[in-house]
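Trainee: This one is work-v6.txt, compact mmCIF, C-alpha atoms.
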```
# COMPACT_ATOMS: atom_id res chain seq x y z
CA MET D 161 0.00 0.00 0.00
CA THR D 162 1.76 3.16 -1.20
CA VAL D 163 0.84 6.66 -2.32
CA SER D 164 1.66 8.41 -5.57
CA TRP D 165 3.12 11.88 -4.90
CA LYS D 166 6.92 11.82 -4.81
CA SER D 167 9.55 14.22 -3.49
CA GLU D 168 13.03 14.82 -4.83
CA THR D 169 14.29 14.52 -1.25
CA PRO D 170 13.77 11.06 0.29
CA PRO D 171 12.22 10.83 3.76
CA GLU D 172 14.48 10.74 6.77
CA GLN D 173 15.12 7.23 8.08
CA VAL D 174 13.81 6.75 11.61
CA ARG D 175 15.36 4.21 13.97
CA ILE D 176 13.05 2.84 16.65
CA THR D 177 14.75 2.48 20.04
CA PRO D 178 13.97 -0.30 22.59
CA MET D 179 11.76 2.17 24.49
CA GLY D 180 10.14 3.04 21.18
CA TRP D 181 9.27 -0.62 20.60
CA LEU D 182 7.76 -0.75 24.06
CA ARG D 183 5.55 2.21 23.14
CA VAL D 184 4.65 0.45 19.89
CA GLY D 185 3.44 -2.54 21.88
CA LEU D 186 1.50 -0.57 24.48
CA ARG D 187 -0.02 2.00 22.13
CA GLY D 188 -0.61 -0.51 19.37
CA THR D 189 -2.50 -2.83 21.70
CA ALA D 190 -4.62 0.00 23.10
CA LEU D 191 -5.33 1.38 19.63
CA ALA D 192 -6.30 -2.03 18.26
CA MET D 193 -8.66 -2.63 21.18
CA LEU D 194 -10.25 0.79 20.67
CA VAL D 195 -10.62 0.50 16.88
CA PHE D 196 -11.72 -3.12 16.56
CA GLY D 197 -13.78 -3.14 19.74
CA CYS D 198 -15.74 -0.12 18.55
CA LEU D 199 -15.91 -1.56 15.04
CA LEU D 200 -17.70 -4.59 16.46
CA LEU D 201 -20.07 -2.29 18.35
CA LEU D 202 -20.67 -0.24 15.19
CA LEU D 203 -21.51 -3.34 13.15
CA LEU D 204 -23.95 -4.52 15.81
CA VAL D 205 -25.66 -1.13 15.88
CA ARG D 206 -25.85 -1.15 12.07
CA LEU D 207 -27.86 -4.37 12.24
CA ILE D 208 -30.67 -2.24 13.67
CA GLU D 209 -29.79 1.14 12.21
CA ARG D 210 -29.68 0.02 8.58
CA PRO D 211 -33.12 -1.63 8.24
CA VAL D 212 -34.80 1.04 10.38
CA CYS D 213 -33.05 4.17 9.01
CA GLY D 214 -31.80 3.10 5.58
CA VAL D 215 -29.10 5.43 4.27
CA GLN D 216 -29.45 7.58 7.37
CA ARG D 217 -26.94 6.88 10.16
CA PRO D 218 -28.18 8.65 13.31
CA VAL D 219 -26.00 6.68 15.76
CA THR D 220 -22.92 5.05 14.23
CA PRO D 221 -21.06 8.27 13.24
CA PHE D 222 -20.79 9.13 16.94
CA ILE D 223 -18.97 5.83 17.49
CA THR D 224 -16.50 6.80 14.75
CA MET D 225 -15.95 10.21 16.35
CA PHE D 226 -15.33 8.57 19.73
CA VAL D 227 -12.69 6.28 18.21
CA CYS D 228 -10.87 9.09 16.42
CA ARG D 229 -10.80 11.43 19.42
CA ASN D 230 -9.40 8.74 21.67
CA ALA D 231 -6.92 7.52 19.06
CA PHE D 232 -5.11 10.85 19.43
CA ARG D 233 -5.08 10.45 23.20
CA ILE D 234 -3.51 7.01 22.84
CA LEU D 235 -0.91 8.25 20.36
CA GLY D 236 -0.14 11.31 22.48
CA LEU D 237 -0.72 13.64 19.53
CA ARG D 238 -2.07 17.05 20.53
CA PHE D 239 -5.13 18.13 18.60
CA ASP D 240 -6.25 21.74 17.98
CA THR D 241 -9.09 23.17 15.89
CA LYS D 242 -10.10 26.68 14.85
CA GLY D 243 -13.29 27.90 13.19
CA ALA D 244 -16.86 26.67 13.22
CA ARG D 245 -17.96 23.40 11.64
CA MET D 246 -20.49 23.73 8.83
CA HIS D 247 -24.16 23.05 9.52
CA HIS D 248 -25.33 23.53 5.91
CA PRO D 249 -25.85 20.51 3.65
CA GLY D 250 -22.80 19.90 1.51
CA ILE D 251 -19.19 18.74 1.40
CA ILE D 252 -15.88 19.41 3.10
CA VAL D 253 -12.56 19.57 1.22
CA ALA D 254 -9.10 19.47 2.78
CA ASN D 255 -5.43 19.05 1.98
CA HIS D 256 -4.00 15.58 2.51
CA THR D 257 -0.85 14.76 4.50
CA SER D 258 -1.28 11.13 5.60
CA TRP D 259 -3.69 8.50 6.90
CA LEU D 260 -3.74 10.49 10.15
CA ASP D 261 -5.95 13.06 8.39
CA ILE D 262 -8.80 10.57 8.52
CA PHE D 263 -8.66 10.43 12.31
CA ALA D 264 -8.22 14.20 12.60
CA LEU D 265 -11.15 15.12 10.37
CA ASN D 266 -13.44 12.48 11.86
CA ALA D 267 -12.67 13.50 15.44
CA ARG D 268 -14.64 16.75 15.39
CA LYS D 269 -17.44 16.24 12.88
CA ARG D 270 -19.79 13.59 11.52
CA ILE D 271 -18.51 13.12 7.98
CA TYR D 272 -18.23 10.43 5.33
CA PHE D 273 -15.12 10.17 3.21
CA VAL D 274 -15.05 9.88 -0.56
CA SER D 275 -12.23 7.56 -1.60
CA LYS D 276 -10.89 5.76 -4.65
CA SER D 277 -12.25 2.24 -5.01
CA GLU D 278 -8.82 0.65 -4.48
CA VAL D 279 -8.92 1.63 -0.79
CA ALA D 280 -11.79 -0.81 -0.21
CA ALA D 281 -9.33 -3.68 -0.81
CA TRP D 282 -6.64 -2.42 1.58
CA PRO D 283 -6.26 -4.72 4.62
CA GLY D 284 -7.61 -3.15 7.80
CA ILE D 285 -8.20 0.35 6.41
CA GLY D 286 -10.57 -0.98 3.73
CA TRP D 287 -12.71 -2.79 6.30
CA LEU D 288 -12.93 0.29 8.49
CA ALA D 289 -13.74 2.52 5.52
CA ARG D 290 -16.63 0.31 4.41
CA ALA D 291 -18.03 0.02 7.92
CA THR D 292 -18.00 3.78 8.50
CA GLY D 293 -19.90 4.59 5.30
CA THR D 294 -17.11 5.70 2.96
CA VAL D 295 -18.25 6.46 -0.60
CA PHE D 296 -16.01 4.58 -3.05
CA ILE D 297 -15.59 5.91 -6.58
CA GLU D 298 -14.03 4.35 -9.65
CA ARG D 299 -11.92 6.22 -12.18
CA ASP D 300 -14.13 5.10 -15.03
CA ARG D 301 -16.04 7.61 -17.15
CA LYS D 302 -18.59 4.93 -18.01
CA LYS D 303 -19.71 4.94 -14.39
CA SER D 304 -19.80 8.73 -13.92
CA ASN D 305 -23.61 8.93 -14.01
CA GLN D 306 -23.89 6.11 -11.48
CA GLN D 307 -21.45 7.88 -9.16
CA LYS D 308 -23.27 11.21 -9.51
CA ALA D 309 -26.48 9.46 -8.50
CA LEU D 310 -24.75 7.99 -5.43
CA PHE D 311 -23.39 11.41 -4.47
CA ALA D 312 -26.85 12.93 -4.82
CA GLN D 313 -28.43 10.19 -2.70
CA ARG D 314 -25.97 10.66 0.15
CA LEU D 315 -26.06 14.47 0.05
CA LYS D 316 -29.85 14.58 -0.04
CA ALA D 317 -29.85 12.29 3.00
CA GLY D 318 -27.97 15.02 4.89
CA HIS D 319 -24.58 13.33 4.84
CA LYS D 320 -21.57 15.62 4.80
CA LEU D 321 -19.08 14.12 2.39
CA LEU D 322 -15.36 14.85 2.52
CA PHE D 323 -12.77 14.39 -0.17
CA PHE D 324 -9.14 15.35 -0.78
CA PRO D 325 -9.01 17.25 -4.10
CA GLU D 326 -5.22 16.88 -4.33
CA GLY D 327 -5.83 13.21 -5.11
CA THR D 328 -2.82 12.05 -3.07
CA SER D 329 -1.12 12.60 0.27
CA THR D 330 2.11 14.62 0.51
CA ASP D 331 4.99 15.51 2.83
CA GLY D 332 2.74 18.03 4.59
CA LEU D 333 4.78 21.09 3.58
CA ARG D 334 2.63 22.08 0.62
CA VAL D 335 -0.84 22.04 -0.90
CA LEU D 336 -0.94 20.53 -4.38
CA PRO D 337 -3.27 21.83 -7.14
CA PHE D 338 -6.86 20.71 -6.60
CA LYS D 339 -8.37 18.36 -9.18
CA THR D 340 -11.82 19.50 -10.28
CA THR D 341 -13.49 16.19 -11.19
CA LEU D 342 -15.44 15.55 -7.98
CA PHE D 343 -16.64 19.15 -7.82
CA ALA D 344 -18.70 18.52 -10.96
CA SER D 345 -21.31 16.48 -9.08
CA LEU D 346 -22.16 19.51 -6.94
CA PHE D 347 -23.40 21.40 -10.00
CA GLU D 348 -26.18 18.95 -10.81
CA PRO D 349 -29.48 20.92 -11.12
CA GLU D 350 -31.07 19.30 -8.06
CA LEU D 351 -28.02 19.97 -5.87
CA ARG D 352 -26.42 23.24 -6.96
CA ASP D 353 -28.88 25.56 -5.21
CA ILE D 354 -28.86 23.77 -1.85
CA LEU D 355 -25.26 22.75 -1.26
CA TYR D 356 -22.34 24.46 0.45
CA VAL D 357 -18.63 23.66 0.53
CA GLN D 358 -16.34 24.14 3.55
CA PRO D 359 -12.58 24.24 2.95
CA VAL D 360 -10.38 22.92 5.79
CA SER D 361 -6.64 23.42 6.22
CA VAL D 362 -4.81 20.59 8.00
CA VAL D 363 -1.25 21.01 9.32
CA PHE D 364 0.86 18.49 11.22
CA HIS D 365 3.59 20.03 13.37
CA ALA D 366 6.56 17.70 13.80
CA PRO D 367 7.92 16.69 17.22
CA LYS D 368 10.66 18.88 18.65
CA ASP D 369 13.95 18.57 16.72
CA ALA D 370 12.35 16.23 14.14
CA GLU D 371 12.21 16.80 10.39
CA ARG D 372 9.30 19.05 9.37
CA ARG D 373 7.94 16.31 7.08
CA TYR D 374 7.78 13.85 9.97
CA TYR D 375 4.07 12.95 9.66
CA GLY D 376 3.90 13.10 5.86
CA TRP D 377 3.15 9.95 3.87
CA TRP D 378 4.24 9.91 0.24
CA GLY D 379 6.07 8.12 -2.55
CA ASP D 380 7.09 4.56 -1.75
CA MET D 381 6.42 4.81 1.99
CA ASP D 382 4.30 1.91 3.21
CA PHE D 383 1.55 2.09 5.79
CA GLY D 384 3.06 -0.43 8.20
CA SER D 385 6.38 1.32 8.76
CA HIS D 386 4.69 4.73 8.97
CA LEU D 387 2.29 3.43 11.61
CA LEU D 388 5.15 1.93 13.65
CA LYS D 389 7.04 5.23 13.53
CA VAL D 390 4.02 7.16 14.81
CA LEU D 391 3.33 4.62 17.56
CA ALA D 392 6.96 4.78 18.74
CA THR D 393 7.31 8.58 18.79
CA GLN D 394 7.83 10.37 22.11
CA PRO D 395 7.27 13.23 22.53
CA GLN D 396 4.73 13.63 19.75
CA GLY D 397 3.94 16.74 17.72
CA ARG D 398 0.46 18.09 17.10
CA VAL D 399 -2.16 18.44 14.40
CA GLU D 400 -4.02 21.68 13.76
CA LEU D 401 -7.24 22.10 11.75
CA THR D 402 -8.73 25.37 10.54
CA TYR D 403 -12.35 25.28 9.39
CA HIS D 404 -12.88 28.12 6.91
CA ALA D 405 -16.23 29.79 6.21
CA PRO D 406 -18.56 27.66 4.05
CA VAL D 407 -19.45 28.97 0.58
CA ALA D 408 -22.58 28.33 -1.50
CA VAL D 409 -22.05 26.25 -4.64
CA GLN D 410 -24.49 28.48 -6.55
CA ALA D 411 -22.13 31.44 -6.01
CA PHE D 412 -19.64 29.93 -8.49
CA GLN D 413 -19.91 29.68 -12.25
CA ASP D 414 -18.56 26.15 -12.55
CA ARG D 415 -16.49 23.40 -10.89
CA LYS D 416 -13.18 24.99 -11.92
CA ALA D 417 -14.02 28.28 -10.22
CA LEU D 418 -15.15 26.51 -7.05
CA ALA D 419 -12.08 24.25 -6.96
CA ALA D 420 -9.77 27.23 -7.48
CA TYR D 421 -11.39 29.13 -4.60
CA CYS D 422 -11.13 26.14 -2.26
CA GLU D 423 -7.50 25.52 -3.23
CA GLU D 424 -6.55 29.13 -2.56
CA THR D 425 -8.37 29.17 0.79
CA VAL D 426 -6.84 25.90 1.99
CA ARG D 427 -3.35 26.96 0.87
CA LYS D 428 -3.55 30.33 2.63
CA GLY D 429 -4.70 28.68 5.84
CA HIS D 430 -1.97 26.07 5.53
CA MET D 431 0.73 28.70 5.04
CA GLN D 432 -0.55 30.78 7.95
CA MET D 433 -0.47 27.83 10.33
CA ARG D 434 3.00 26.86 9.25
CA LYS D 435 4.15 30.50 9.58
CA GLN D 436 6.49 30.28 6.65
CA LEU D 437 6.86 31.37 3.05
CA PRO D 438 5.02 29.41 0.33
CA GLU D 439 6.57 26.08 -0.57
CA GLN D 440 7.40 25.23 -4.16
CA ARG D 441 4.60 23.32 -5.84
```
Would you mind writing the file's structure down as structure tokens?
Mentor:
Amino acid sequence: MTVSWKSETPPEQVRITPMGWLRVGLRGTALAMLVFGCLLLLLLVRLIERPVCGVQRPVTPFITMFVCRNAFRILGLRFDTKGARMHHPGIIVANHTSWLDIFALNARKRIYFVSKSEVAAWPGIGWLARATGTVFIERDRKKSNQQKALFAQRLKAGHKLLFFPEGTSTDGLRVLPFKTTLFASLFEPELRDILYVQPVSVVFHAPKDAERRYYGWWGDMDFGSHLLKVLATQPQGRVELTYHAPVAVQAFQDRKALAAYCEETVRKGHMQMRKQLPEQR
């Protein structure tokens, strides 16, 4: 399991100390008990929730939020947020640093991720994604109408969908250009006048004296080694989220204009939180 964006500078090699391996064992055990214990609870609740409520999920998203909030407590990662979460119907878009974004964005708001179909087959993560209501899309133009219909169904049901318009995770020092494809579904006649979009900037601050890209996940990095590194880290850094003001879809001429606005907003928030000059794109 790897990601696609690559950097000219390879990631710093991290050596796990004996104390680090002890933390891996303790934190890993606690995290596994939290995630899979609550996954079992979620699946049991869905046995009732699904036939009674259909596409609606009035209970299970709170289980997901509980898991994500407490995952940061187990890892020792500090978690800060700024701005108000959107109450309008619509979607959230954010920059993408690593798999940790999923925990961060789920910890403060009931959302459902939009992900490429390949993720459904990933061991562990795929199971969790399916159980928590992730919307899987295929990169096949023949199925575009089917996917638009699925988007519309979920949005009309009041679900707040979240996707990463960059299309890949990065080293966390930059925001890549936003792809416009998924924004097109928001301009369907039955959706355009009722939906809003909220941009969110996500920044991971590295532990003291560690490389700034410490929490980034890119190139040929695999999930297993990245997870072990995070579990072993002491002291940890922190993650910071800024929720920007939601904007109405109908205020934009087309998907390109909306994507450009969201990209600019997310990038400005990202730069402000990092308190540095713009990175090269």
Trainee: Record the distance separating CA of Arg427 in chain D and CA of Leu333 in chain D, expressed in Å with one decimal.
Mentor: 10.4 Å
Trainee: Given only C-alpha atoms as the basis, pick out the residue of D:Gln432, D:Thr328, D:Thr177, D:Ser361 nearest to Ile252 in chain D.
Mentor: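 Between D:Gln432, D:Thr328, D:Thr177, D:Ser361, the residue approaching Ile252 in chain D most closely is D:Ser361.
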Trainee: To one decimal in Å, tell me the separation between CA of Ala420 in chain D and CA of Phe338 in chain D.
Mentor: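 Separation between CA of Ala420 in chain D and CA of Phe338 in chain D: 7.2 Å.
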Trainee: Please determine, counting all atoms listed in the file, which residue among D:Val184, D:Leu288, D:Leu401, D:Leu237 has the shortest atom-to-atom distance to His256 in chain D.
Mentor: D:Leu401
Trainee: Measuring atom to atom with all atoms listed in the file, identify which of D:Ala419, D:Ala190, D:Val360, D:Val407 is nearest to Pro249 in chain D.
Mentor: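 Result for the nearest residue to Pro249 in chain D: D:Val407.
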Trainee: Quick one: which range 306-357 of chain D residues come within 12 Å of range 380-392 of chain D, and what is the nearest atom pair for each with the distance in Å to one decimal, counting only C-alpha atoms, rows ordered by chain and ascending number, as a tab-separated table?
Mentor:
```
residue	atom	partner	partner_atom	distance
D:Ser329	CA	D:Met381	CA	11.0
D:Thr330	CA	D:Met381	CA	10.8
D:Asp331	CA	D:Met381	CA	10.8
```
Trainee: Would you mind exporting the chosen residues as an mmCIF file, keeping the file's coordinate frame, restricted to C-alpha atoms?
Mentor:
```
data_model
loop_
_atom_site.group_PDB
_atom_site.id
_atom_site.type_symbol
_atom_site.label_atom_id
_atom_site.label_comp_id
_atom_site.auth_asym_id
_atom_site.auth_seq_id
_atom_site.Cartn_x
_atom_site.Cartn_y
_atom_site.Cartn_z
ATOM 1 C CA SER D 329 -1.120 12.600 0.270
ATOM 2 C CA THR D 330 2.110 14.620 0.510
ATOM 3 C CA ASP D 331 4.990 15.510 2.830
#
```
